Amino acid sequence: MAEIVCGSRATREINSEIRRAIAAGDRDIVVKDPGARHNLGVAVLAPVRLRFAGSVGYYCAGLSDGPHVEIDESAGWGLA
Amino acid sequence: MCGIVGFFVKDSGGQAEIGRTILGMLRALGCRGPDSAGVALYNTPDDGRLVVRVKLGDDGELGSRARQVSSRLESFAGVGPYSTIGAYARFSVSAETDLKRLTDAIESLDKDFEVVSMGRRLEIVKQTGSPDNLEKTYCVSRHQGTHGIGHTRLSTESRVDLSHSQPFWSHGYPDLAIVHNGHITNYHQLRRRYEQRGVRFYTENDSEVVAIYLAVQMARGASLREALERMLRDLDGSYSCLAATERELGFVKDTFALKPLVMTETDEFVAVATEEIAIRAALPGQYSVREAQVREVRVWQR
């Protein structure tokens with residue numbers, strides 16, 4: 001299982017790390033401390049389990065095809 | 001599209017870093033409205049005097065304009081020394097001052113002069129540009145107090161300048177300020193009605209009517225909660241609105257619930273914002289955030 005902690009990182013960097021984990025063969029990815037950021041987990045094109053441990057903002061998992069996405073708390077508009 | 005935020009500290013002794021928190025919340029919402037940014041911050045009362053913030057103008061030699069206002073106020077008893085920062089002059093006046101006469105004396109000097117806020121605890125600063133620019137000019141983050149509201153604006157129906165920016169002070173009603181996200185669709189009807197009664201509108205921004213409406217209701221004896229509840233009856237359109245007084249923070253969400261608003265309440269504080277990211281970015285810790293409901297009115301009081 002891959003664990004990605006958002007901390008103070010930019011969304012683009014977090015999304016790149018999700019893609020790197022998928023490329024490395026991870027099929028179970030947890031994103032911690034998402035902080036209700038927008039555009040998390042966009043354009044994921046693999047049958048992975050992607051869990052956001054917290055709230056996400058707008059357009060989460062947008063333009064994605066294949067992943068199973070779980071969000072522990074709230075999601076903003078435009079959820080995939 | 002705009003971003004609004006509110007922050008209320010339950011037991012701070014008046015020394016909470018409200019400026020830093022509200023600025024942090026506004027920064028997270030900066031992309032919702034790059035046109036202007038502003039805050040209304042509430043200090044701890046010190047000596048019972050009223051603080052008057054005057055917009056001196058949008059450009060030009062502001063120092064001489066401040067002196068012009070100051071010399072005009074010499075005839076008023078109980079007017080203290082003034083300071084200037086950015087586009088504003090800040091005066092402290094005795095609580096016994098005739099506020100209407102004082103405002104008229106200042107604003108009749110020049111069409112650019114405007115009393116932007118007045119109150120025992122209220123201080124409003126706003127300007128065009130981003131929250132970062134607001135911090136550069138006015139060091140908002142250094143401000144301590146008990147509660148406050150803030151706004152980032154994407155203009156959709158009126159011009160972009162300091163006067164059209166939010167928060168709006170309810171002219172004539174000390175310490176009452178509002179921020180609004182949405183559109184008031186019966187604005188022109190309400191405005192005509194108020195103007196017939198002699199109320200002056202300073203802008204063409206429909207949000208201004210919210211400030212005037214609440215002041216009219218509260219001057220008739222309504223509490224802030226009652227005034228916000230009456231808004232649901234009398235103001236049409238889509239709105240999420242925050243209002244603050246000397247001791248209160250409140251919000252109202254309209255019948256259509258078209259404009260987003262979320263809130264959290266802990267033992268220490270209340271935070272309300274257009275998007276959850278504003279609360280999460282400015283306030284670390286474990287708490288849950290929920291969406292404000294249709295026609296919901298809440299008021300917190302200290």
# chains A, B, ... in the order shown; residues from 1 in each chain; ligands from 1
$ interface_residues --of "chain A" --to "chain B" --cutoff "12 Å" --atoms "only C-alpha atoms" --output "PyMOL selection string"
chain A and resi 6-9+33-39+54-58+72-77
$ write_last_selection --atoms "C-alpha atoms" --output "PDB file, in the first residue's frame"
ATOM      1  CA  CYS A   6      -0.184  16.029   1.376  1.00  0.00           C
ATOM      2  CA  GLY A   7       1.344  18.350   3.977  1.00  0.00           C
ATOM      3  CA  SER A   8       1.995  21.701   2.369  1.00  0.00           C
ATOM      4  CA  ARG A   9       2.601  20.299  -1.089  1.00  0.00           C
ATOM      5  CA  ASP A  33      -4.355  15.123   4.981  1.00  0.00           C
ATOM      6  CA  PRO A  34      -5.985  16.156   1.667  1.00  0.00           C
ATOM      7  CA  GLY A  35      -7.176  19.405   3.275  1.00  0.00           C
ATOM      8  CA  ALA A  36     -10.175  19.824   0.928  1.00  0.00           C
ATOM      9  CA  ARG A  37      -7.840  20.656  -1.971  1.00  0.00           C
ATOM     10  CA  HIS A  38      -9.366  20.869  -5.426  1.00  0.00           C
ATOM     11  CA  ASN A  39      -8.479  18.621  -8.398  1.00  0.00           C
ATOM     12  CA  GLY A  54     -10.266  13.483   4.838  1.00  0.00           C
ATOM     13  CA  SER A  55     -12.188  16.004   2.744  1.00  0.00           C
ATOM     14  CA  VAL A  56     -11.560  16.861  -0.893  1.00  0.00           C
ATOM     15  CA  GLY A  57     -12.507  19.990  -2.827  1.00  0.00           C
ATOM     16  CA  TYR A  58     -13.913  20.403  -6.324  1.00  0.00           C
ATOM     17  CA  ASP A  72     -13.628   9.647   4.202  1.00  0.00           C
ATOM     18  CA  GLU A  73     -15.268  13.049   4.725  1.00  0.00           C
ATOM     19  CA  SER A  74     -16.789  15.634   2.341  1.00  0.00           C
ATOM     20  CA  ALA A  75     -16.376  16.296  -1.372  1.00  0.00           C
ATOM     21  CA  GLY A  76     -16.964  19.537  -3.243  1.00  0.00           C
ATOM     22  CA  TRP A  77     -18.703  20.036  -6.582  1.00  0.00           C
TER      23      TRP A  77
END
$ select_by_dssp --residues "stretch 136-196 of chain B" --states "strand (DSSP E or B)" --output "JSON, numbers by chain"
{"B": [145, 147, 148, 149, 150, 151, 152, 153, 168, 169, 177, 178, 179, 180, 181, 182, 183, 184]}
$ select_by_dssp --residues "stretch 133-255 of chain B" --states "helix (DSSP H, G or I)" --output "ChimeraX atom specification"
/B:133-138,140-142,187-196,208-219,224-234
$ residues_around --residues "B:Arg120" --least-positions-apart "5" --cutoff "9 Å" --atoms "only C-alpha atoms" --output "tab-separated table (two decimals) with C-alpha atoms, in the first residue's frame"
chain	number	residue	atom	x	y	z
B	42	TYR	CA	-13.07	43.38	15.53
B	43	ASN	CA	-10.66	44.53	18.25
B	44	THR	CA	-11.04	44.43	21.96
B	45	PRO	CA	-12.66	47.66	23.10
B	46	ASP	CA	-10.19	49.89	24.85
B	47	ASP	CA	-11.56	53.28	25.81
B	48	GLY	CA	-15.09	53.30	24.44
B	49	ARG	CA	-14.15	55.69	21.65
B	50	LEU	CA	-15.21	55.21	18.05
B	51	VAL	CA	-12.75	54.45	15.28
B	52	VAL	CA	-13.52	56.11	11.95
B	95	ALA	CA	-18.61	58.08	21.45
B	174	PRO	CA	-21.69	51.44	14.23
B	175	ASP	CA	-19.85	48.09	14.13
B	246	GLU	CA	-19.41	44.25	17.98
$ atom_distance --atom1 "atom CA of B:Val115" --atom2 "atom CA of B:Phe91"
10.5 Å
$ atom_distance --atom1 "atom CA of B:His143" --atom2 "atom CA of B:Gln15"
9.0 Å
$ atom_distance --atom1 "atom CA of B:Phe113" --atom2 "atom CA of B:Thr185"
28.9 Å
$ closest_residue --among "B:Ala40, B:Val262, B:Ala215, B:Ala87" --to "B:Leu62" --atoms "only C-alpha atoms"
B:Ala87
$ residues_around --residues "A:Val42" --least-positions-apart "4" --cutoff "8 Å" --atoms "only C-alpha atoms" --output "PyMOL selection string"
chain A and resi 15+59-64
$ write_last_selection --atoms "N, CA and C atoms" --output "PDB file, in the first residue's frame"
ATOM      1  N   ASN A  15      -0.703  14.826  -7.168  1.00  0.00           N
ATOM      2  CA  ASN A  15      -1.229  14.013  -8.275  1.00  0.00           C
ATOM      3  C   ASN A  15      -0.108  13.278  -9.012  1.00  0.00           C
ATOM      4  N   TYR A  59     -13.922  18.780  -8.115  1.00  0.00           N
ATOM      5  CA  TYR A  59     -13.425  18.004  -9.274  1.00  0.00           C
ATOM      6  C   TYR A  59     -12.541  16.827  -8.885  1.00  0.00           C
ATOM      7  N   CYS A  60     -12.760  16.259  -7.700  1.00  0.00           N
ATOM      8  CA  CYS A  60     -11.933  15.126  -7.290  1.00  0.00           C
ATOM      9  C   CYS A  60     -12.134  13.953  -8.258  1.00  0.00           C
ATOM     10  N   ALA A  61     -11.039  13.340  -8.643  1.00  0.00           N
ATOM     11  CA  ALA A  61     -11.040  12.178  -9.539  1.00  0.00           C
ATOM     12  C   ALA A  61     -11.648  12.485 -10.909  1.00  0.00           C
ATOM     13  N   GLY A  62     -11.679  13.758 -11.260  1.00  0.00           N
ATOM     14  CA  GLY A  62     -12.196  14.139 -12.571  1.00  0.00           C
ATOM     15  C   GLY A  62     -11.354  13.535 -13.691  1.00  0.00           C
ATOM     16  N   LEU A  63     -11.994  13.287 -14.815  1.00  0.00           N
ATOM     17  CA  LEU A  63     -11.317  12.756 -16.018  1.00  0.00           C
ATOM     18  C   LEU A  63     -10.623  11.429 -15.738  1.00  0.00           C
ATOM     19  N   SER A  64     -11.119  10.703 -14.745  1.00  0.00           N
ATOM     20  CA  SER A  64     -10.525   9.406 -14.419  1.00  0.00           C
ATOM     21  C   SER A  64     -11.350   8.280 -15.013  1.00  0.00           C
TER      22      SER A  64
END
$ decode --residues "stretch 180-198 of chain B" --atoms "N, CA and C atoms" --output "PDB file, in the first residue's frame"
ATOM      1  N   HIS B 180     -20.913  39.225   1.258  1.00  0.00           N
ATOM      2  CA  HIS B 180     -21.989  38.543   0.532  1.00  0.00           C
ATOM      3  C   HIS B 180     -21.432  37.879  -0.710  1.00  0.00           C
ATOM      4  N   ASN B 181     -21.862  36.629  -0.942  1.00  0.00           N
ATOM      5  CA  ASN B 181     -21.560  35.924  -2.182  1.00  0.00           C
ATOM      6  C   ASN B 181     -22.891  35.602  -2.843  1.00  0.00           C
ATOM      7  N   GLY B 182     -23.120  36.150  -4.021  1.00  0.00           N
ATOM      8  CA  GLY B 182     -24.371  35.867  -4.717  1.00  0.00           C
ATOM      9  C   GLY B 182     -24.910  37.079  -5.433  1.00  0.00           C
ATOM     10  N   HIS B 183     -26.213  37.037  -5.717  1.00  0.00           N
ATOM     11  CA  HIS B 183     -26.873  38.156  -6.375  1.00  0.00           C
ATOM     12  C   HIS B 183     -28.195  38.443  -5.683  1.00  0.00           C
ATOM     13  N   ILE B 184     -28.464  39.720  -5.432  1.00  0.00           N
ATOM     14  CA  ILE B 184     -29.754  40.118  -4.869  1.00  0.00           C
ATOM     15  C   ILE B 184     -30.606  40.583  -6.044  1.00  0.00           C
ATOM     16  N   THR B 185     -31.587  39.784  -6.418  1.00  0.00           N
ATOM     17  CA  THR B 185     -32.290  40.067  -7.667  1.00  0.00           C
ATOM     18  C   THR B 185     -33.363  41.151  -7.521  1.00  0.00           C
ATOM     19  N   ASN B 186     -33.821  41.447  -6.306  1.00  0.00           N
ATOM     20  CA  ASN B 186     -34.735  42.585  -6.152  1.00  0.00           C
ATOM     21  C   ASN B 186     -34.002  43.820  -5.617  1.00  0.00           C
ATOM     22  N   TYR B 187     -32.715  43.894  -5.964  1.00  0.00           N
ATOM     23  CA  TYR B 187     -31.867  45.018  -5.526  1.00  0.00           C
ATOM     24  C   TYR B 187     -32.433  46.375  -5.951  1.00  0.00           C
ATOM     25  N   HIS B 188     -32.805  46.497  -7.244  1.00  0.00           N
ATOM     26  CA  HIS B 188     -33.238  47.814  -7.734  1.00  0.00           C
ATOM     27  C   HIS B 188     -34.526  48.261  -7.050  1.00  0.00           C
ATOM     28  N   GLN B 189     -35.419  47.323  -6.829  1.00  0.00           N
ATOM     29  CA  GLN B 189     -36.680  47.624  -6.145  1.00  0.00           C
ATOM     30  C   GLN B 189     -36.399  48.099  -4.709  1.00  0.00           C
ATOM     31  N   LEU B 190     -35.549  47.357  -4.001  1.00  0.00           N
ATOM     32  CA  LEU B 190     -35.205  47.730  -2.626  1.00  0.00           C
ATOM     33  C   LEU B 190     -34.484  49.073  -2.592  1.00  0.00           C
ATOM     34  N   ARG B 191     -33.573  49.250  -3.541  1.00  0.00           N
ATOM     35  CA  ARG B 191     -32.797  50.489  -3.563  1.00  0.00           C
ATOM     36  C   ARG B 191     -33.711  51.700  -3.754  1.00  0.00           C
ATOM     37  N   ARG B 192     -34.645  51.566  -4.713  1.00  0.00           N
ATOM     38  CA  ARG B 192     -35.584  52.672  -4.939  1.00  0.00           C
ATOM     39  C   ARG B 192     -36.355  52.990  -3.662  1.00  0.00           C
ATOM     40  N   ARG B 193     -36.790  51.937  -2.986  1.00  0.00           N
ATOM     41  CA  ARG B 193     -37.576  52.117  -1.768  1.00  0.00           C
ATOM     42  C   ARG B 193     -36.747  52.844  -0.697  1.00  0.00           C
ATOM     43  N   TYR B 194     -35.524  52.423  -0.529  1.00  0.00           N
ATOM     44  CA  TYR B 194     -34.670  53.045   0.495  1.00  0.00           C
ATOM     45  C   TYR B 194     -34.295  54.478   0.113  1.00  0.00           C
ATOM     46  N   GLU B 195     -34.028  54.681  -1.177  1.00  0.00           N
ATOM     47  CA  GLU B 195     -33.648  56.034  -1.602  1.00  0.00           C
ATOM     48  C   GLU B 195     -34.794  57.018  -1.406  1.00  0.00           C
ATOM     49  N   GLN B 196     -36.013  56.543  -1.584  1.00  0.00           N
ATOM     50  CA  GLN B 196     -37.171  57.415  -1.337  1.00  0.00           C
ATOM     51  C   GLN B 196     -37.244  57.833   0.126  1.00  0.00           C
ATOM     52  N   ARG B 197     -36.664  57.012   0.991  1.00  0.00           N
ATOM     53  CA  ARG B 197     -36.635  57.356   2.421  1.00  0.00           C
ATOM     54  C   ARG B 197     -35.397  58.176   2.784  1.00  0.00           C
ATOM     55  N   GLY B 198     -34.566  58.469   1.794  1.00  0.00           N
ATOM     56  CA  GLY B 198     -33.409  59.316   2.055  1.00  0.00           C
ATOM     57  C   GLY B 198     -32.121  58.572   2.355  1.00  0.00           C
TER      58      GLY B 198
END
